[in-house]
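Okay, input_14.txt now, which holds compact mmCIF, C-alpha atoms:
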```
# COMPACT_ATOMS: atom_id res chain seq x y z
CA MET S 659 -215.84 -79.40 45.82
CA ASP S 660 -214.82 -78.60 42.28
CA ALA S 661 -215.80 -80.50 39.16
CA HIS S 662 -212.40 -82.14 39.01
CA SER S 663 -212.49 -83.59 42.49
CA ALA S 664 -216.06 -84.73 41.99
CA ALA S 665 -214.91 -87.17 39.34
CA PRO S 666 -215.38 -90.84 40.14
CA GLY S 667 -212.20 -92.61 41.25
CA HIS S 668 -210.49 -89.33 41.98
CA ASP S 669 -210.93 -87.95 45.47
CA ASP S 670 -208.81 -84.87 46.20
CA ALA S 671 -210.58 -84.49 49.55
CA HIS S 672 -208.51 -87.42 50.87
CA HIS S 673 -205.17 -86.09 49.62
CA PRO S 674 -202.76 -85.27 52.46
CA SER S 675 -202.65 -81.80 54.00
CA PRO S 676 -199.73 -79.34 53.47
CA ALA S 677 -198.55 -80.16 57.01
CA MET S 678 -198.36 -83.85 56.06
CA TYR S 679 -196.47 -82.98 52.85
CA GLY S 680 -194.02 -80.99 55.01
CA LYS S 681 -193.46 -83.92 57.36
CA ILE S 682 -192.78 -86.21 54.38
CA ALA S 683 -190.27 -83.65 53.01
CA ILE S 684 -188.42 -83.61 56.35
CA VAL S 685 -188.32 -87.43 56.45
CA LEU S 686 -186.99 -87.51 52.87
CA PHE S 687 -184.29 -85.01 53.78
CA ILE S 688 -183.29 -87.02 56.87
CA LEU S 689 -183.14 -90.27 54.85
CA THR S 690 -180.89 -88.54 52.28
CA PHE S 691 -178.66 -87.35 55.13
CA PHE S 692 -178.40 -90.95 56.38
CA GLU S 693 -177.54 -92.15 52.86
CA VAL S 694 -174.63 -89.74 52.58
CA ALA S 695 -173.60 -90.45 56.20
CA ALA S 696 -173.57 -94.21 55.49
CA TYR S 697 -171.42 -93.57 52.39
CA GLU S 698 -168.97 -91.36 54.29
CA VAL S 699 -168.67 -93.66 57.33
CA GLY S 700 -168.51 -96.80 55.19
CA HIS S 701 -165.68 -95.52 53.00
CA ARG S 702 -163.51 -93.66 55.52
CA PRO S 703 -161.43 -96.11 57.58
CA ALA S 704 -160.81 -93.43 60.22
CA ALA S 705 -164.53 -92.84 60.84
CA ILE S 706 -166.34 -94.05 63.95
CA LEU S 707 -168.41 -97.23 63.30
CA HIS S 708 -166.54 -97.77 60.01
CA SER S 709 -166.00 -101.49 60.69
CA VAL S 710 -169.72 -101.92 61.46
CA VAL S 711 -171.12 -99.91 58.55
CA GLU S 712 -168.59 -100.81 55.83
CA PRO S 713 -169.89 -104.36 55.10
CA ILE S 714 -173.53 -103.22 54.98
CA VAL S 715 -173.27 -99.92 53.08
CA VAL S 716 -174.98 -101.26 49.95
CA PRO S 717 -177.97 -102.83 51.81
CA ILE S 718 -178.35 -99.61 53.85
CA LEU S 719 -178.38 -97.49 50.68
CA LEU S 720 -180.86 -99.81 48.97
CA VAL S 721 -183.25 -99.79 51.94
CA LEU S 722 -183.09 -96.01 52.38
CA SER S 723 -183.55 -95.46 48.65
CA ALA S 724 -186.56 -97.81 48.58
CA ALA S 725 -188.08 -95.99 51.58
CA LYS S 726 -187.71 -92.61 49.87
CA PHE S 727 -189.12 -93.99 46.63
CA ALA S 728 -192.15 -95.41 48.45
CA LEU S 729 -192.81 -92.19 50.38
CA VAL S 730 -192.80 -90.04 47.23
CA ALA S 731 -194.96 -92.52 45.30
CA MET S 732 -197.49 -93.03 48.11
CA PHE S 733 -197.91 -89.46 49.34
CA TYR S 734 -196.66 -87.00 46.70
CA MET S 735 -197.93 -89.03 43.73
CA HIS S 736 -201.11 -89.81 45.74
CA LEU S 737 -201.00 -93.55 45.03
CA LYS S 738 -202.12 -94.20 48.60
CA GLN S 739 -205.37 -92.32 48.01
CA ASP S 740 -205.97 -92.63 44.26
CA SER S 741 -207.45 -95.49 42.25
CA LYS S 742 -205.73 -98.88 42.50
CA LEU S 743 -205.48 -98.88 38.70
CA PHE S 744 -202.81 -96.17 38.90
CA SER S 745 -200.90 -98.20 41.49
CA ASN S 746 -201.01 -101.22 39.18
CA LEU S 747 -199.83 -99.13 36.22
CA PHE S 748 -196.81 -98.05 38.28
CA VAL S 749 -195.98 -101.00 40.54
CA TRP S 750 -195.99 -103.80 37.94
CA PRO S 751 -193.56 -102.00 35.61
CA ILE S 752 -191.32 -101.41 38.67
CA VAL S 753 -191.41 -105.13 39.48
CA LEU S 754 -190.58 -105.86 35.84
CA ALA S 755 -187.81 -103.22 35.92
CA ALA S 756 -186.27 -104.75 39.08
CA ALA S 757 -186.43 -108.21 37.48
CA LEU S 758 -184.78 -106.79 34.34
CA ILE S 759 -181.92 -105.23 36.33
CA LEU S 760 -181.31 -108.35 38.44
CA GLY S 761 -181.70 -110.71 35.48
CA LEU S 762 -179.28 -108.78 33.30
CA ILE S 763 -176.65 -108.55 36.06
CA VAL S 764 -176.87 -112.30 36.80
CA LEU S 765 -176.85 -113.19 33.08
CA ILE S 766 -173.79 -111.06 32.28
CA ARG S 767 -171.91 -112.33 35.35
CA LEU S 768 -172.63 -115.96 34.40
CA TRP S 769 -171.55 -115.28 30.83
CA HIS S 770 -168.43 -113.48 32.05
CA ALA S 771 -167.55 -116.35 34.40
CA ALA S 772 -168.02 -118.91 31.63
CA THR S 773 -166.06 -116.92 29.02
CA PHE S 774 -163.06 -115.61 30.96
CA MET M 431 -226.92 -86.83 17.00
CA ALA M 432 -228.65 -83.49 17.59
CA GLN M 433 -228.71 -84.21 21.34
CA ALA M 434 -224.98 -84.87 21.35
CA ALA M 435 -224.33 -81.65 19.47
CA THR M 436 -226.43 -79.70 21.96
CA ALA M 437 -224.66 -81.32 24.91
CA THR M 438 -221.26 -80.43 23.42
CA ALA M 439 -222.36 -76.87 22.75
CA GLU M 440 -223.57 -76.48 26.35
CA MET M 441 -220.33 -77.85 27.81
CA SER M 442 -217.89 -75.11 28.75
CA PRO M 443 -214.17 -75.81 28.20
CA ALA M 444 -213.73 -76.08 31.96
CA ASP M 445 -216.22 -78.94 32.11
CA GLU M 446 -214.42 -81.01 29.52
CA HIS M 447 -213.42 -84.28 31.08
CA HIS M 448 -212.07 -87.37 29.44
CA TRP M 449 -213.84 -90.09 31.40
CA THR M 450 -213.27 -93.73 30.51
CA SER M 451 -215.32 -96.84 31.35
CA THR M 452 -213.14 -97.11 34.49
CA GLY M 453 -214.55 -93.80 35.72
CA LEU M 454 -211.04 -92.32 35.59
CA ASP M 455 -209.76 -89.49 33.43
CA SER M 456 -208.08 -90.85 30.30
CA ARG M 457 -205.27 -88.27 30.54
CA LYS M 458 -204.36 -89.46 34.02
CA ILE M 459 -204.40 -93.11 32.93
CA ALA M 460 -202.21 -92.11 29.97
CA ILE M 461 -199.60 -90.34 32.13
CA TRP M 462 -199.44 -93.33 34.50
CA GLY M 463 -199.04 -95.69 31.52
CA PHE M 464 -196.27 -93.44 30.19
CA ILE M 465 -194.57 -93.38 33.61
CA GLY M 466 -194.78 -97.19 33.72
CA SER M 467 -193.02 -97.43 30.35
CA GLU M 468 -190.39 -94.95 31.52
CA CYS M 469 -189.62 -97.24 34.48
CA LEU M 470 -188.48 -99.90 32.01
CA PHE M 471 -186.51 -97.36 29.98
CA PHE M 472 -184.53 -96.25 33.03
CA ALA M 473 -184.20 -99.86 34.23
CA SER M 474 -182.37 -100.70 31.00
CA LEU M 475 -179.99 -97.75 31.49
CA ILE M 476 -179.39 -98.54 35.19
CA SER M 477 -178.77 -102.23 34.47
CA THR M 478 -176.30 -101.31 31.68
CA TYR M 479 -174.46 -99.01 34.11
CA LEU M 480 -174.32 -101.77 36.75
CA VAL M 481 -173.25 -104.47 34.30
CA TYR M 482 -170.25 -102.37 33.16
CA LYS M 483 -169.45 -101.05 36.66
CA GLY M 484 -165.79 -101.63 37.49
CA LYS M 485 -164.94 -102.88 33.98
CA SER M 486 -163.14 -99.74 32.74
CA LEU M 487 -159.53 -100.34 31.69
CA VAL M 488 -158.45 -96.68 31.90
CA GLY M 489 -159.49 -93.73 34.08
CA PRO M 490 -160.84 -91.43 35.20
CA LEU M 491 -162.82 -93.54 37.66
CA PRO M 492 -165.64 -92.40 39.98
CA HIS M 493 -164.26 -93.19 43.43
CA THR M 494 -160.58 -94.09 43.09
CA GLU M 495 -157.35 -92.75 41.60
CA SER M 496 -156.47 -94.21 38.22
CA GLN M 497 -154.22 -93.91 35.20
CA CYS M 498 -155.85 -91.84 32.48
CA MET M 499 -155.00 -90.11 29.22
CA LEU M 500 -154.88 -86.36 29.82
CA HIS M 501 -153.37 -83.76 27.47
CA GLY M 502 -151.97 -86.50 25.27
CA LYS M 503 -150.10 -88.49 27.92
CA MET M 504 -150.90 -91.07 30.57
CA GLN M 505 -150.97 -89.67 34.07
CA THR M 506 -152.52 -90.28 37.47
CA CYS M 507 -156.05 -88.92 37.77
CA GLU M 508 -157.86 -88.39 41.05
CA ALA M 509 -161.36 -89.78 41.76
CA ILE M 510 -163.80 -87.81 39.67
CA PHE M 511 -166.96 -87.66 41.79
CA GLU M 512 -167.72 -84.72 44.06
CA THR M 513 -170.47 -85.99 46.34
CA PRO M 514 -171.32 -82.73 48.19
CA LEU M 515 -172.41 -80.96 44.98
CA VAL M 516 -174.62 -83.85 43.84
CA THR M 517 -176.05 -84.24 47.36
CA ALA M 518 -177.10 -80.58 47.20
CA GLY M 519 -178.72 -81.22 43.82
CA THR M 520 -180.51 -84.25 45.24
CA ALA M 521 -181.84 -82.27 48.20
CA VAL M 522 -183.06 -79.50 45.88
CA LEU M 523 -184.83 -82.03 43.65
CA LEU M 524 -186.51 -83.60 46.69
CA PHE M 525 -187.68 -80.20 47.88
CA SER M 526 -188.99 -79.42 44.40
CA SER M 527 -191.32 -82.42 44.73
CA PHE M 528 -192.56 -80.92 48.00
CA PHE M 529 -193.05 -77.51 46.35
CA VAL M 530 -194.99 -78.87 43.37
CA VAL M 531 -197.34 -80.86 45.58
CA LEU M 532 -198.05 -77.65 47.53
CA ALA M 533 -198.64 -75.83 44.23
CA LEU M 534 -201.16 -78.51 43.25
CA TYR M 535 -202.88 -78.23 46.65
CA HIS M 536 -203.32 -74.48 46.22
CA ALA M 537 -204.37 -74.89 42.56
CA GLN M 538 -207.17 -77.20 43.71
CA LYS M 539 -208.14 -74.70 46.43
CA GLY M 540 -208.14 -71.80 43.95
CA ASN M 541 -205.39 -69.91 45.81
CA ARG M 542 -203.63 -68.35 42.81
CA ALA M 543 -200.93 -66.39 44.65
CA LYS M 544 -199.63 -69.44 46.54
CA LEU M 545 -199.95 -71.60 43.43
CA LEU M 546 -197.69 -69.18 41.53
CA GLY M 547 -195.23 -68.98 44.43
CA TRP M 548 -194.80 -72.72 44.92
CA LEU M 549 -194.80 -73.50 41.20
CA GLY M 550 -192.19 -70.78 40.61
CA ALA M 551 -190.06 -72.30 43.39
CA THR M 552 -190.38 -75.72 41.74
CA VAL M 553 -189.20 -74.35 38.39
CA MET M 554 -186.26 -72.64 40.11
CA CYS M 555 -185.29 -75.92 41.82
CA GLY M 556 -185.46 -77.71 38.47
CA LEU M 557 -183.24 -75.06 36.88
CA PHE M 558 -180.76 -75.41 39.76
CA PHE M 559 -180.58 -79.17 39.23
CA VAL M 560 -180.07 -78.83 35.46
CA SER M 561 -177.38 -76.17 36.05
CA MET M 562 -175.69 -78.44 38.58
CA GLN M 563 -175.60 -81.23 36.01
CA VAL M 564 -174.30 -78.98 33.23
CA TYR M 565 -171.53 -77.78 35.59
CA GLU M 566 -170.74 -81.37 36.60
CA PHE M 567 -170.55 -82.63 33.01
CA THR M 568 -168.35 -79.68 31.97
CA HIS M 569 -166.11 -80.22 35.00
CA PHE M 570 -165.73 -83.93 34.14
CA TYR M 571 -164.88 -83.07 30.55
CA HIS M 572 -162.13 -80.70 31.67
CA LYS M 573 -160.79 -83.44 33.95
CA GLY M 574 -160.38 -85.68 30.93
CA MET M 575 -163.62 -87.65 30.98
CA GLY M 576 -165.41 -87.44 27.63
CA TYR M 577 -168.39 -89.51 26.52
CA SER M 578 -166.29 -92.33 25.05
CA THR M 579 -163.27 -92.20 27.38
CA ASN M 580 -164.09 -95.51 29.08
CA LEU M 581 -167.04 -97.80 29.91
CA PHE M 582 -167.80 -95.85 33.07
CA SER M 583 -167.99 -92.49 31.29
CA THR M 584 -170.23 -93.82 28.50
CA THR M 585 -172.73 -95.51 30.82
CA PHE M 586 -172.60 -92.64 33.33
CA PHE M 587 -173.23 -89.89 30.78
CA THR M 588 -175.97 -91.91 29.07
CA LEU M 589 -177.83 -92.63 32.31
CA THR M 590 -177.51 -89.26 34.00
CA GLY M 591 -177.80 -87.39 30.69
CA PHE M 592 -181.13 -89.03 29.90
CA HIS M 593 -182.31 -88.20 33.41
CA GLY M 594 -181.15 -84.61 32.96
CA SER M 595 -183.05 -84.35 29.68
CA HIS M 596 -186.17 -85.57 31.51
CA VAL M 597 -185.64 -82.89 34.18
CA THR M 598 -185.24 -80.27 31.43
CA LEU M 599 -188.48 -81.44 29.80
CA GLY M 600 -190.19 -81.28 33.21
CA VAL M 601 -188.95 -77.70 33.75
CA ILE M 602 -190.35 -76.71 30.34
CA TRP M 603 -193.70 -78.40 31.11
CA LEU M 604 -193.98 -76.80 34.57
CA SER M 605 -192.95 -73.40 33.17
CA THR M 606 -195.77 -73.68 30.61
CA VAL M 607 -198.26 -74.44 33.40
CA LEU M 608 -196.80 -71.55 35.44
CA PHE M 609 -197.30 -69.24 32.46
CA LEU M 610 -200.94 -70.38 32.12
CA ALA M 611 -201.52 -69.96 35.86
CA ALA M 612 -200.02 -66.45 35.78
CA ARG M 613 -202.49 -65.54 33.02
CA GLY M 614 -205.38 -66.87 35.12
CA LYS M 615 -205.94 -69.90 32.90
CA LEU M 616 -205.56 -72.54 35.61
CA PRO M 617 -208.79 -72.45 37.66
CA PRO M 618 -209.42 -75.23 40.23
CA GLU M 619 -211.50 -77.27 37.77
CA LYS M 620 -208.48 -77.38 35.44
CA SER M 621 -205.96 -78.31 38.12
CA LEU M 622 -205.56 -81.72 36.49
CA ASN M 623 -203.31 -79.96 33.95
CA LEU M 624 -200.90 -79.24 36.80
CA GLU M 625 -201.44 -82.65 38.40
CA LEU M 626 -200.25 -84.40 35.20
CA ALA M 627 -197.11 -82.25 35.07
CA ALA M 628 -196.58 -82.84 38.81
CA LEU M 629 -196.85 -86.62 38.39
CA TYR M 630 -194.16 -86.49 35.69
CA TRP M 631 -192.02 -84.30 37.96
CA HIS M 632 -192.39 -86.71 40.89
CA PHE M 633 -191.40 -89.57 38.59
CA VAL M 634 -188.23 -87.70 37.57
CA ASP M 635 -187.57 -87.27 41.30
CA VAL M 636 -188.04 -90.97 42.17
CA VAL M 637 -185.75 -91.98 39.31
CA TRP M 638 -183.06 -89.74 40.82
CA ILE M 639 -183.75 -91.29 44.23
CA VAL M 640 -182.58 -94.57 42.65
CA ILE M 641 -179.77 -93.14 40.48
CA PHE M 642 -178.13 -91.09 43.26
CA PRO M 643 -177.16 -94.00 45.57
CA VAL M 644 -176.57 -96.49 42.74
CA VAL M 645 -174.22 -94.21 40.79
CA TYR M 646 -172.71 -91.82 43.34
CA LEU M 647 -172.73 -93.70 46.66
CA MET M 648 -172.15 -97.39 45.82
CA ARG M 649 -168.50 -98.18 45.13
```
Full structure transcribed into structure tokens:
Amino acid sequence: MDAHSAAPGHDDAHHPSPAMYGKIAIVLFILTFFEVAAYEVGHRPAAILHSVVEPIVVPILLVLSAAKFALVAMFYMHLKQDSKLFSNLFVWPIVLAAALILGLIVLIRLWHAATF
Amino acid sequence: MAQAATATAEMSPADEHHWTSTGLDSRKIAIWGFIGSECLFFASLISTYLVYKGKSLVGPLPHTESQCMLHGKMQTCEAIFETPLVTAGTAVLLFSSFFVVLALYHAQKGNRAKLLGWLGATVMCGLFFVSMQVYEFTHFYHKGMGYSTNLFSTTFFTLTGFHGSHVTLGVIWLSTVLFLAARGKLPPEKSLNLELAALYWHFVDVVWIVIFPVVYLMR
């Protein structure tokens, strides 16, 4: 074990193996394929399952995007194995960022509805 | 005082760590704090894009035909987005995250040849993505979409342009680490230097994971 990995709160020995990284990469690729497939099926009236997928394209994209985000953060950024402090430094700003996006959209829509 | 001076003199550069009272390296806490602040930066750009989505009065528009000013006269413009190209860029960026994590693994194991190979592949992927974006922006400009053409173009170029500049910065950072590694200046005990760059690179990747569906796939 090198000096770096011997540091407290930093345990490289528990980082995933290259095989695990490869599996995550394949899953990420498949999820991206499903994203594009959902977009294509949802916006082409002639496509099979168009009527089923079309109303739920946005939720599908949001769920798949969140899954990809979580996989990269947990395994590639090592948040699953590293100190919880790093998770807190990342997750709370994301919660704040999501609140900012939702809050701003709602605020502008309310203002728009009241003004026009 | 004398003891501290002796301890510093005995410490080789490779043993220099920046421990804090948390027991964690200060540089790693700093990069996570920076990444946290960047989340809010990109949230403001994404929310601005979403707030103005569908509010453009003239084209070109991302997914539908529209009336736009081209060569000095109003004419019908086709939808401007080309999803296959951006999907390829997205896939390459995702794979670059895989490559850099393998580079870090081999840096920690002291396997210099594989470290150089995977890190070189990561830099190439980054360059591909930046080239894709430069091509896309140029293509949009030639199709009549400048920075201030409409609300869509302004918010789109601002959001994706800032992301592209982050990718460019990441390529420069990773290239610097690659240069150091090629000169044998990245031994396993200094792999944190690569880990910090890799964390930044992964962040750039996760931001694109959000931008890609929000901008290119949601109508």
- Message: Need to verify the contact set: segment 501-512 of chain M, 10 Å, only C-alpha atoms, exclusion of same-chain residues closer than 4 positions in sequence. Can you return it as number ranges by chain?
- Response: M: 488-497, 516-517, 566, 569-570, 573-575, 645-647
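For Val730 of chain S, the set of protein, DNA and RNA residues having any atom at most 10 Å away, when counting all atoms listed in the file and skipping those fewer than 2 positions along the same chain, is S:Tyr679, S:Ile682, S:Ala683, S:Leu686, S:Ala725, S:Lys726, S:Phe727, S:Ala728, S:Met732, S:Phe733, S:Tyr734, S:Met735, S:His736, S:Leu737, M:Leu524, M:Ser527, M:Phe528, M:His632, M:Phe633, M:Asp635, M:Val636, M:Ile639.
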With 8 Å as the cut-off and all atoms listed in the file counted, what is the closest atom pair between each nearby residue of chain S and chain M? Distances in Å to one decimal, ordered by chain and number, as JSON lines.
```
{"residue": "S:Asp660", "atom": "CA", "partner": "M:Glu619", "partner_atom": "CA", "distance": 5.8}
{"residue": "S:Ala661", "atom": "CA", "partner": "M:Glu619", "partner_atom": "CA", "distance": 5.6}
{"residue": "S:His662", "atom": "CA", "partner": "M:Glu619", "partner_atom": "CA", "distance": 5.1}
{"residue": "S:Ser663", "atom": "CA", "partner": "M:Glu619", "partner_atom": "CA", "distance": 7.9}
{"residue": "S:Ala665", "atom": "CA", "partner": "M:Leu454", "partner_atom": "CA", "distance": 7.5}
{"residue": "S:Pro666", "atom": "CA", "partner": "M:Gly453", "partner_atom": "CA", "distance": 5.4}
{"residue": "S:Gly667", "atom": "CA", "partner": "M:Leu454", "partner_atom": "CA", "distance": 5.8}
{"residue": "S:His668", "atom": "CA", "partner": "M:Leu454", "partner_atom": "CA", "distance": 7.1}
{"residue": "S:Pro676", "atom": "CA", "partner": "M:Leu532", "partner_atom": "CA", "distance": 6.4}
{"residue": "S:Tyr679", "atom": "CA", "partner": "M:Phe528", "partner_atom": "CA", "distance": 6.6}
{"residue": "S:Gly680", "atom": "CA", "partner": "M:Phe528", "partner_atom": "CA", "distance": 7.2}
{"residue": "S:Ala683", "atom": "CA", "partner": "M:Phe528", "partner_atom": "CA", "distance": 6.1}
{"residue": "S:Leu686", "atom": "CA", "partner": "M:Leu524", "partner_atom": "CA", "distance": 7.3}
{"residue": "S:Phe687", "atom": "CA", "partner": "M:Ala521", "partner_atom": "CA", "distance": 6.7}
{"residue": "S:Thr690", "atom": "CA", "partner": "M:Ala521", "partner_atom": "CA", "distance": 7.5}
{"residue": "S:Glu693", "atom": "CA", "partner": "M:Pro643", "partner_atom": "CA", "distance": 7.5}
{"residue": "S:Val694", "atom": "CA", "partner": "M:Leu647", "partner_atom": "CA", "distance": 7.4}
{"residue": "S:Tyr697", "atom": "CA", "partner": "M:Leu647", "partner_atom": "CA", "distance": 5.9}
{"residue": "S:Val715", "atom": "CA", "partner": "M:Met648", "partner_atom": "CA", "distance": 7.8}
{"residue": "S:Val716", "atom": "CA", "partner": "M:Met648", "partner_atom": "CA", "distance": 6.3}
{"residue": "S:Leu719", "atom": "CA", "partner": "M:Pro643", "partner_atom": "CA", "distance": 6.3}
{"residue": "S:Leu720", "atom": "CA", "partner": "M:Pro643", "partner_atom": "CA", "distance": 7.7}
{"residue": "S:Ser723", "atom": "CA", "partner": "M:Ile639", "partner_atom": "CA", "distance": 6.1}
{"residue": "S:Ala724", "atom": "CA", "partner": "M:Val640", "partner_atom": "CA", "distance": 7.8}
{"residue": "S:Lys726", "atom": "CA", "partner": "M:Ile639", "partner_atom": "CA", "distance": 7.0}
{"residue": "S:Phe727", "atom": "CA", "partner": "M:Val636", "partner_atom": "CA", "distance": 5.5}
{"residue": "S:Val730", "atom": "CA", "partner": "M:Val636", "partner_atom": "CA", "distance": 7.0}
{"residue": "S:Ala731", "atom": "CA", "partner": "M:His632", "partner_atom": "CA", "distance": 7.7}
{"residue": "S:Tyr734", "atom": "CA", "partner": "M:Val531", "partner_atom": "CA", "distance": 6.3}
{"residue": "S:Met735", "atom": "CA", "partner": "M:Leu629", "partner_atom": "CA", "distance": 6.0}
{"residue": "S:Phe744", "atom": "CA", "partner": "M:Trp462", "partner_atom": "CA", "distance": 6.2}
{"residue": "S:Leu747", "atom": "CA", "partner": "M:Gly463", "partner_atom": "CA", "distance": 5.9}
{"residue": "S:Phe748", "atom": "CA", "partner": "M:Gly466", "partner_atom": "CA", "distance": 5.1}
{"residue": "S:Val749", "atom": "CA", "partner": "M:Gly466", "partner_atom": "CA", "distance": 7.9}
{"residue": "S:Trp750", "atom": "CA", "partner": "M:Gly466", "partner_atom": "CA", "distance": 7.9}
{"residue": "S:Pro751", "atom": "CA", "partner": "M:Gly466", "partner_atom": "CA", "distance": 5.3}
{"residue": "S:Ile752", "atom": "CA", "partner": "M:Cys469", "partner_atom": "CA", "distance": 6.2}
{"residue": "S:Leu754", "atom": "CA", "partner": "M:Leu470", "partner_atom": "CA", "distance": 7.4}
{"residue": "S:Ala755", "atom": "CA", "partner": "M:Leu470", "partner_atom": "CA", "distance": 5.2}
{"residue": "S:Ala756", "atom": "CA", "partner": "M:Ala473", "partner_atom": "CA", "distance": 7.2}
{"residue": "S:Leu758", "atom": "CA", "partner": "M:Ala473", "partner_atom": "CA", "distance": 7.0}
{"residue": "S:Ile759", "atom": "CA", "partner": "M:Ser477", "partner_atom": "CA", "distance": 4.7}
{"residue": "S:Leu760", "atom": "CA", "partner": "M:Ser477", "partner_atom": "CA", "distance": 7.7}
{"residue": "S:Leu762", "atom": "CA", "partner": "M:Ser477", "partner_atom": "CA", "distance": 6.7}
{"residue": "S:Ile763", "atom": "CA", "partner": "M:Val481", "partner_atom": "CA", "distance": 5.6}
{"residue": "S:Ile766", "atom": "CA", "partner": "M:Val481", "partner_atom": "CA", "distance": 6.9}
```
- Task: Between atom CA of Thr568 of chain M and atom CA of Val634 of chain M, measure the distance and give it in Å to one decimal.
- Result: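 Atom CA of Val634 of chain M lies 22.2 Å from atom CA of Thr568 of chain M.
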- Coordinates-based distance that separates atom CA of Leu689 of chain S from atom CA of Val560 of chain M (Å, one decimal): 22.7 Å
- Report the distance between atom CA of Leu624 of chain M and atom CA of Val607 of chain M in Å, rounded to one decimal place.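 Separation of atom CA of Leu624 of chain M and atom CA of Val607 of chain M: 6.4 Å.
Closest approach to Tyr565 of chain M among M:Asn623, M:Trp603, M:Leu515, M:His448 is made by M:Leu515 (distances from all atoms listed in the file).
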Let me know the centre plus edge lengths, in Å and rounded to one decimal, of a box with edges along x, y and z that contains all listed atoms of segment 676-694 of chain S and is padded by 5 Å on every side, as JSON.
```
{"center_x": -187.2, "center_y": -85.7, "center_z": 54.8, "size_x": 35.1, "size_y": 22.8, "size_z": 15.1}
```
- Task: Considering only C-alpha atoms, state which residue in the set M:Tyr577, M:Phe567, M:Phe582, M:Phe558 is at the smallest distance from Lys485 of chain M.
- Result: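 For Lys485 of chain M, the nearest of the candidates is M:Phe582.
Between Ser709 of chain S and the candidates S:Ala696, S:Leu743, S:Val764, S:Val753, the tightest atom-to-atom separation, counting all atoms listed in the file, involves S:Ala696.
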